[in-house]
Amino acid sequence: MTTALKLDSASTPTTWSDRVRARQGAVAGLVVGAVAAAVAWTGAHVAFEVGNWGTDRVTALTSIAWILGFNLGVGTWNPPIGWLLGWTTDPELEATEAGAAGGRSRYLRFCTDHKVVGIQYLVLGLTLLAVGGVGALLIRTQLLSPHSTFLGPTAYGDVVTLHGLSMVIGALLLLIGPFASFVVPLMIGARSVALPRLNAMGVWIMASAAVCLIATVVIGGADVGWTTFAPLADQASPAMTALAIAMVGLVACVILSGISTVATVVTMRAKGMTMQRLPVMAWGSLVAAALAVATMAGLLLVMTFVLTDRTMGTSFFVPPWGSGGLYEVMFWTMGQPLLYVLLIPPAGALLEVASSFARRPVVNPRAIVVSFIVIAAISFVTLGHHLYTAGLSPAVAGASMALTELFALPVGVVVLCLLATVWRGSIWARLPLFFVYLFLWDLVIGGVSGALLGNPTTDRSFHGGMVVTAHLHFMMVGAVLVGAAGGLVYWFPKFTGRMLDERSGRGAFWLIAFGIQLTFLAQFWAGAEGMARRVAWYEPGFQTANQISTVGAYLLTLGWVVLVWAGVWSARHGRPAPADPWRARTLEWRTPTPVPLRNFPVAPVLSEDPEATYSAWTDSSTPGAVPVGGHSNTGAGRPSAGETGGED
Amino acid sequence: MPSETSNGTGSPSSDDQAAATQRSDGHLADGAARPWAFAVGVGVAVTAAAAVAAVVLPGRALPVAASSTATDAAHTIRLYGLLAAPVLGAVVGTAAASLIGRRTNNLDEPPPDAPPASGRPATMVGFAFTAVLVVAVVAWGLVTLTPSGAATEDPLTVRVTGHQWVWTFAYSGTKVVGTNLVLPVGRSVAFEVTSSDVTHGFHPVGLGTQVEAAPGVTTELRVTPNKLGPLTVQCTQLCGLLHSAMVTHAEVVTPSAFARWLVTQGVAPTVARTVARVGP
């Protein structure tokens, strides 16, 4: 700590709350969470008879106690508790919580620095994606032969569920953390986020919820698929209860971070950064965050009903009064918009990438913004395309089809603007740009197959089959994850202060590019032949396509491993990155790397020249720049921790 | 001043500059005088290849169509594939042409800025093109919304019940209930589908249609098998432990063979002939 901070703290008496807070962190979270879970488990066993509702109640109480306890130990609840109890806080502690102390240990603490939160989300997201990736490898290995005994049918079903959920959540966390929490505030010239505590709470709640999710495979498994359809989910082991509670944790995480993102973009923009001039990436995150907050209430409702059905004998989705049909409709009301939440920010990120590596501003940004909003709006009314085989009337099926096919227009505009940005550009062939081209190809394949599945007639041939699997993976892996990877590679120098090794990154890229085509084009073939999805065994006729798909999946996994390895290696040993390695246009590159605690040495002010959209801005040497405000003693502009190494 | 201390690694190191002079292989190609010609060439080639694939591949991959519904679905698949071919061609052509123009592979120095583009004319044309395709896709979808020839009179009614993990079939007009599905060729079948436990998906592959089997609900599926031979009935909704094994082999037979089969199931011959609509 600096001397100034020491002096400040010397004048403040140390209270019991400060002594506790100094010890909070991930380790304390594990201890308190484990103790809380053990107490709840024991207490629940005393209170309830095991069997019937009992085991589910024990699981529910243990999971809830774990989440509450873990976050108590970490310090997630400090903001509301401290406010309620009127804690007077040691400024030094406050500064540490805000990330001023620097050092690696802040990544293992409740830290309100949005950049630290972004990296915490990145690690958590990659961990979940790794879990999902192991699941994918197990699934593909099982499917190498038609009647494989590699996994039993129970384990296979459990792995299918875990694979789907951890992949979807992992991808979501990449967009919430590195994109919305780390990059977007820098991009809009903010020196903090609007609601830093809210923003920081989400990641720790999600970390504890992820433990519940992964624990499902250990405590009995839920062989129900990521959609956890009732009434099948009602039959599943008590692991389903832990899964539903993990989903409630996800809801809390997405809503907290979503509100923070919306508030930040709306209120924290630099002077001169009007909404008209907001970069498309920031617009994408804004629209996606608003959409996510709106949909998450639906997921909360669904999962709460699942929990009460399982632990209290209510009848929302099970007989006598409830129905699985209600679950399907409620789930897709939330689930369909959620999938589009995932698509918008990667598209925004790649538009910025295209701009930097084609050396011109993003073409037609207003059309892109309108398209993002239209995508978000339509996504609420297309759930019918999941229900064509559920007995929809022709009128509803027709309307759902028309609305679904309408997606081609806004998505098409985004593709057109991306193409127009690179068309006759001055191409700088660096790694992030590669992902733009892969994204375009995969998005067309995924979109075209989506148009096919959006038609009720053809959907009735393919519903529940591998064609659906192939389509959603082209969208989720080919578009969402490829777009996210392109963005992560692009902002890697800002995240780590070092350059990503270009050569191993390119190797990884080609493995990923060809891995995706082999894996999922082969699944189109198997699906067209009639193979159902989520099956552990299949007819021998589908074997060739499945073998190709499995080989592709191995290559694809190898590609991701190489990319992550290159990232980890480069973060430690890579060439130190200049502040603006790409000579880019947006504000996040106008601040030193590693980014100082308060983001910008002085608050940036954008030029009033409307033609100079992003490139013109004033720095400290320009007259008219706003000096640093005397907001706090958290050391605006002091050398960032990544540079000076661990101080504590 | 804080800003002085925070520069850190902010300025390019001398290593960078040394590398820039050593690796001067990166060139700024400005050879593509006619990117339009290149884009159109690649686009047309890709469109043609995709169109051929869209026509040929469904015939190779799809199961043999055993009903006019399946034939119609295959037509729609081909049509959508044909409509998608120019989309793929346009995207690949434009993207490829963007790479052959001004380009540098130099790792250290970006090329000079490209002139800003409004992109508006191209986007408008592309938008109009997309809109035409969307209208075509929706119009065709509405035309084919109700399967042709499905709503004929006098269907054979089969009550289908999904159980974990087996299908049972009850033939109306008889007391036959079993796990075997035998259908007469050329006659409309009305499947009345439900479930006794969780949600299943009733998919007679080859008939080109399917319907959900949900507990407490009866969904109807009408289809007319028009080809003799075996069929696979598959569950398409994850339904628990043995979902993968919930596969039944069905048979489409002549009406008289269907009547004979009913007799083997214990139906009186006269009743069997009536149900199967075959003369005495």
# chains A, B, ... in the order shown; residues from 1 in each chain; ligands from 1
$ residues_around --residues "stretch 392-394 of chain A" --least-positions-apart "3" --cutoff "10 Å" --atoms "only C-alpha atoms" --output "mmCIF file with C-alpha atoms, in the first residue's frame"
data_model
loop_
_atom_site.group_PDB
_atom_site.id
_atom_site.type_symbol
_atom_site.label_atom_id
_atom_site.label_comp_id
_atom_site.auth_asym_id
_atom_site.auth_seq_id
_atom_site.Cartn_x
_atom_site.Cartn_y
_atom_site.Cartn_z
ATOM 1 C CA GLY A 384 -43.296 -21.381 -31.309
ATOM 2 C CA HIS A 385 -40.618 -22.852 -33.556
ATOM 3 C CA LEU A 387 -43.204 -26.440 -30.485
ATOM 4 C CA TYR A 388 -44.163 -27.324 -34.071
ATOM 5 C CA THR A 389 -44.497 -30.972 -33.098
ATOM 6 C CA ALA A 397 -47.365 -22.521 -36.481
ATOM 7 C CA GLY A 398 -47.620 -20.200 -39.483
ATOM 8 C CA ALA A 399 -47.137 -17.066 -37.395
ATOM 9 C CA SER A 400 -44.187 -18.623 -35.562
ATOM 10 C CA PRO A 456 -42.921 -26.524 -39.672
ATOM 11 C CA LEU B 142 -47.438 -20.966 -45.617
ATOM 12 C CA LEU B 145 -48.261 -25.544 -43.888
ATOM 13 C CA THR B 146 -50.945 -28.198 -44.145
ATOM 14 C CA THR B 219 -52.029 -34.959 -30.284
#
$ interface_residues --of "chain A" --to "chain B" --cutoff "6 Å" --atoms "only C-alpha atoms" --output "PyMOL selection string"
chain A and resi 153-154+231-232+359-360+363+389-391+402+416+420+422-429+455+457-458+460-461+464+528-529+532+535-537+578-579+592-593+601+637-639
$ closest_residue --among "B:Val233, B:Ala276, B:Val271, B:Leu228" --to "B:Phe169" --atoms "only C-alpha atoms"
B:Val233
$ select_by_dssp --residues "stretch 38-227 of chain B" --states "strand (DSSP E)" --output "JSON, numbers by chain"
{"B": [103, 104, 156, 157, 158, 159, 160, 161, 162, 163, 166, 167, 168, 169, 170, 171, 177, 178, 182, 183, 184, 189, 190, 191, 192, 193, 194, 195, 200, 201, 202, 203, 204, 205, 211, 212, 213, 219, 220, 221, 222, 223]}
$ write_last_selection --atoms "C-alpha atoms" --output "short mmCIF file (atom, residue, chain, number, x, y, z; two decimals), in the first residue's frame"
data_model
loop_
_atom_site.label_atom_id
_atom_site.label_comp_id
_atom_site.auth_asym_id
_atom_site.auth_seq_id
_atom_site.Cartn_x
_atom_site.Cartn_y
_atom_site.Cartn_z
CA ARG B 103 -3.49 -6.56 -47.66
CA THR B 104 -0.42 -6.82 -45.50
CA LEU B 156 -57.40 -45.84 -40.02
CA THR B 157 -57.19 -44.66 -36.43
CA VAL B 158 -54.29 -45.93 -34.34
CA ARG B 159 -53.97 -44.86 -30.75
CA VAL B 160 -50.27 -44.52 -29.90
CA THR B 161 -49.12 -44.40 -26.29
CA GLY B 162 -45.56 -43.70 -25.27
CA HIS B 163 -44.26 -45.44 -22.17
CA VAL B 166 -41.76 -48.59 -25.43
CA TRP B 167 -44.58 -47.62 -27.77
CA THR B 168 -47.94 -49.36 -27.69
CA PHE B 169 -50.38 -49.23 -30.60
CA ALA B 170 -54.13 -49.76 -30.33
CA TYR B 171 -56.12 -50.22 -33.55
CA VAL B 177 -53.10 -53.52 -28.49
CA GLY B 178 -49.44 -54.28 -28.82
CA VAL B 182 -48.36 -52.52 -39.07
CA LEU B 183 -49.93 -50.08 -41.53
CA PRO B 184 -51.82 -50.62 -44.78
CA VAL B 189 -53.66 -43.11 -40.84
CA ALA B 190 -54.75 -40.95 -37.94
CA PHE B 191 -52.33 -41.48 -35.07
CA GLU B 192 -53.83 -40.34 -31.79
CA VAL B 193 -50.74 -39.92 -29.68
CA THR B 194 -50.36 -39.62 -25.95
CA SER B 195 -48.05 -40.72 -23.18
CA HIS B 200 -41.93 -38.59 -25.79
CA GLY B 201 -41.61 -37.80 -29.48
CA PHE B 202 -43.42 -40.10 -31.93
CA HIS B 203 -41.40 -40.06 -35.13
CA PRO B 204 -42.05 -42.70 -37.80
CA VAL B 205 -38.90 -41.97 -39.78
CA VAL B 211 -45.68 -35.34 -33.15
CA GLU B 212 -45.06 -34.98 -29.45
CA ALA B 213 -46.48 -37.57 -27.06
CA THR B 219 -52.03 -34.96 -30.28
CA GLU B 220 -53.02 -36.08 -33.75
CA LEU B 221 -50.81 -36.94 -36.67
CA ARG B 222 -52.25 -37.75 -40.10
CA VAL B 223 -50.15 -39.29 -42.79
#
$ atom_distance --atom1 "atom CA of A:Ile245" --atom2 "atom CA of A:Ala207"
12.7 Å
$ closest_residue --among "B:Val275, B:Val42, B:Val52, B:Ala65" --to "B:Gly173" --atoms "only C-alpha atoms"
B:Val275
$ residues_around --residues "A:Leu162" --least-positions-apart "5" --cutoff "10 Å" --atoms "only C-alpha atoms" --output "PyMOL selection string"
chain A and resi 128+131-132+134-136+156-157+167-168+213-217+221-226+243
$ select_by_dssp --residues "stretch 31-195 of chain B" --states "alpha helix (DSSP H)" --output "VMD selection string"
chain B and resid 35 to 61 68 to 100 120 to 143
$ write_last_selection --atoms "C-alpha atoms" --output "mmCIF file, in the first residue's frame"
data_model
loop_
_atom_site.group_PDB
_atom_site.id
_atom_site.type_symbol
_atom_site.label_atom_id
_atom_site.label_comp_id
_atom_site.auth_asym_id
_atom_site.auth_seq_id
_atom_site.Cartn_x
_atom_site.Cartn_y
_atom_site.Cartn_z
ATOM 1 C CA PRO B 35 -12.363 -7.124 -56.722
ATOM 2 C CA TRP B 36 -15.862 -7.093 -58.149
ATOM 3 C CA ALA B 37 -14.903 -9.542 -60.855
ATOM 4 C CA PHE B 38 -13.201 -11.767 -58.316
ATOM 5 C CA ALA B 39 -16.159 -11.593 -55.926
ATOM 6 C CA VAL B 40 -18.634 -12.421 -58.663
ATOM 7 C CA GLY B 41 -16.460 -15.263 -59.921
ATOM 8 C CA VAL B 42 -16.047 -16.886 -56.523
ATOM 9 C CA GLY B 43 -19.658 -16.143 -55.649
ATOM 10 C CA VAL B 44 -21.043 -17.785 -58.763
ATOM 11 C CA ALA B 45 -18.800 -20.820 -58.310
ATOM 12 C CA VAL B 46 -19.802 -21.261 -54.680
ATOM 13 C CA THR B 47 -23.468 -20.690 -55.528
ATOM 14 C CA ALA B 48 -23.319 -23.312 -58.238
ATOM 15 C CA ALA B 49 -21.580 -25.833 -56.002
ATOM 16 C CA ALA B 50 -24.009 -25.189 -53.150
ATOM 17 C CA ALA B 51 -26.995 -25.469 -55.504
ATOM 18 C CA VAL B 52 -25.791 -28.816 -56.824
ATOM 19 C CA ALA B 53 -25.235 -29.996 -53.249
ATOM 20 C CA ALA B 54 -28.705 -28.794 -52.249
ATOM 21 C CA VAL B 55 -30.308 -30.822 -55.031
ATOM 22 C CA VAL B 56 -28.172 -33.952 -54.819
ATOM 23 C CA LEU B 57 -27.316 -34.432 -51.144
ATOM 24 C CA PRO B 58 -30.850 -34.697 -49.669
ATOM 25 C CA GLY B 59 -31.537 -37.632 -51.984
ATOM 26 C CA ARG B 60 -28.454 -39.409 -50.693
ATOM 27 C CA ALA B 61 -28.903 -38.676 -46.990
ATOM 28 C CA SER B 68 -46.238 -37.796 -49.840
ATOM 29 C CA THR B 69 -45.580 -35.757 -46.672
ATOM 30 C CA ALA B 70 -41.981 -36.957 -46.690
ATOM 31 C CA THR B 71 -41.685 -36.235 -50.412
ATOM 32 C CA ASP B 72 -43.027 -32.709 -49.844
ATOM 33 C CA ALA B 73 -40.593 -32.164 -46.992
ATOM 34 C CA ALA B 74 -37.723 -33.283 -49.209
ATOM 35 C CA HIS B 75 -38.852 -30.783 -51.855
ATOM 36 C CA THR B 76 -38.898 -27.999 -49.277
ATOM 37 C CA ILE B 77 -35.419 -28.995 -48.118
ATOM 38 C CA ARG B 78 -34.141 -28.803 -51.701
ATOM 39 C CA LEU B 79 -35.915 -25.499 -52.349
ATOM 40 C CA TYR B 80 -34.519 -23.875 -49.195
ATOM 41 C CA GLY B 81 -31.099 -25.222 -50.093
ATOM 42 C CA LEU B 82 -31.381 -23.605 -53.527
ATOM 43 C CA LEU B 83 -32.473 -20.303 -51.981
ATOM 44 C CA ALA B 84 -29.557 -20.494 -49.535
ATOM 45 C CA ALA B 85 -26.966 -21.166 -52.233
ATOM 46 C CA PRO B 86 -26.724 -17.530 -53.457
ATOM 47 C CA VAL B 87 -26.498 -16.350 -49.826
ATOM 48 C CA LEU B 88 -23.487 -18.568 -49.260
ATOM 49 C CA GLY B 89 -22.069 -17.526 -52.632
ATOM 50 C CA ALA B 90 -22.500 -13.817 -51.936
ATOM 51 C CA VAL B 91 -20.930 -14.009 -48.473
ATOM 52 C CA VAL B 92 -18.010 -16.199 -49.526
ATOM 53 C CA GLY B 93 -17.416 -14.199 -52.717
ATOM 54 C CA THR B 94 -17.387 -10.861 -50.915
ATOM 55 C CA ALA B 95 -15.296 -12.151 -48.031
ATOM 56 C CA ALA B 96 -12.754 -13.788 -50.362
ATOM 57 C CA ALA B 97 -12.491 -10.654 -52.515
ATOM 58 C CA SER B 98 -11.839 -8.565 -49.426
ATOM 59 C CA LEU B 99 -8.741 -10.673 -48.798
ATOM 60 C CA ILE B 100 -7.175 -10.315 -52.247
ATOM 61 C CA ARG B 120 -25.240 2.095 -47.795
ATOM 62 C CA PRO B 121 -25.916 1.142 -51.436
ATOM 63 C CA ALA B 122 -24.432 -2.323 -50.968
ATOM 64 C CA THR B 123 -26.301 -2.830 -47.718
ATOM 65 C CA MET B 124 -29.578 -1.731 -49.299
ATOM 66 C CA VAL B 125 -29.118 -4.112 -52.214
ATOM 67 C CA GLY B 126 -28.177 -6.927 -49.874
ATOM 68 C CA PHE B 127 -31.131 -6.153 -47.619
ATOM 69 C CA ALA B 128 -33.526 -6.194 -50.553
ATOM 70 C CA PHE B 129 -32.039 -9.487 -51.715
ATOM 71 C CA THR B 130 -32.469 -10.960 -48.205
ATOM 72 C CA ALA B 131 -36.012 -9.626 -48.000
ATOM 73 C CA VAL B 132 -36.944 -11.309 -51.283
ATOM 74 C CA LEU B 133 -35.546 -14.595 -49.999
ATOM 75 C CA VAL B 134 -37.405 -14.239 -46.690
ATOM 76 C CA VAL B 135 -40.670 -13.549 -48.508
ATOM 77 C CA ALA B 136 -40.088 -16.619 -50.669
ATOM 78 C CA VAL B 137 -39.259 -18.785 -47.671
ATOM 79 C CA VAL B 138 -42.308 -17.603 -45.699
ATOM 80 C CA ALA B 139 -44.656 -17.837 -48.682
ATOM 81 C CA TRP B 140 -43.577 -21.377 -49.457
ATOM 82 C CA GLY B 141 -43.871 -22.259 -45.767
ATOM 83 C CA LEU B 142 -47.438 -20.966 -45.617
ATOM 84 C CA VAL B 143 -48.396 -22.794 -48.810
#
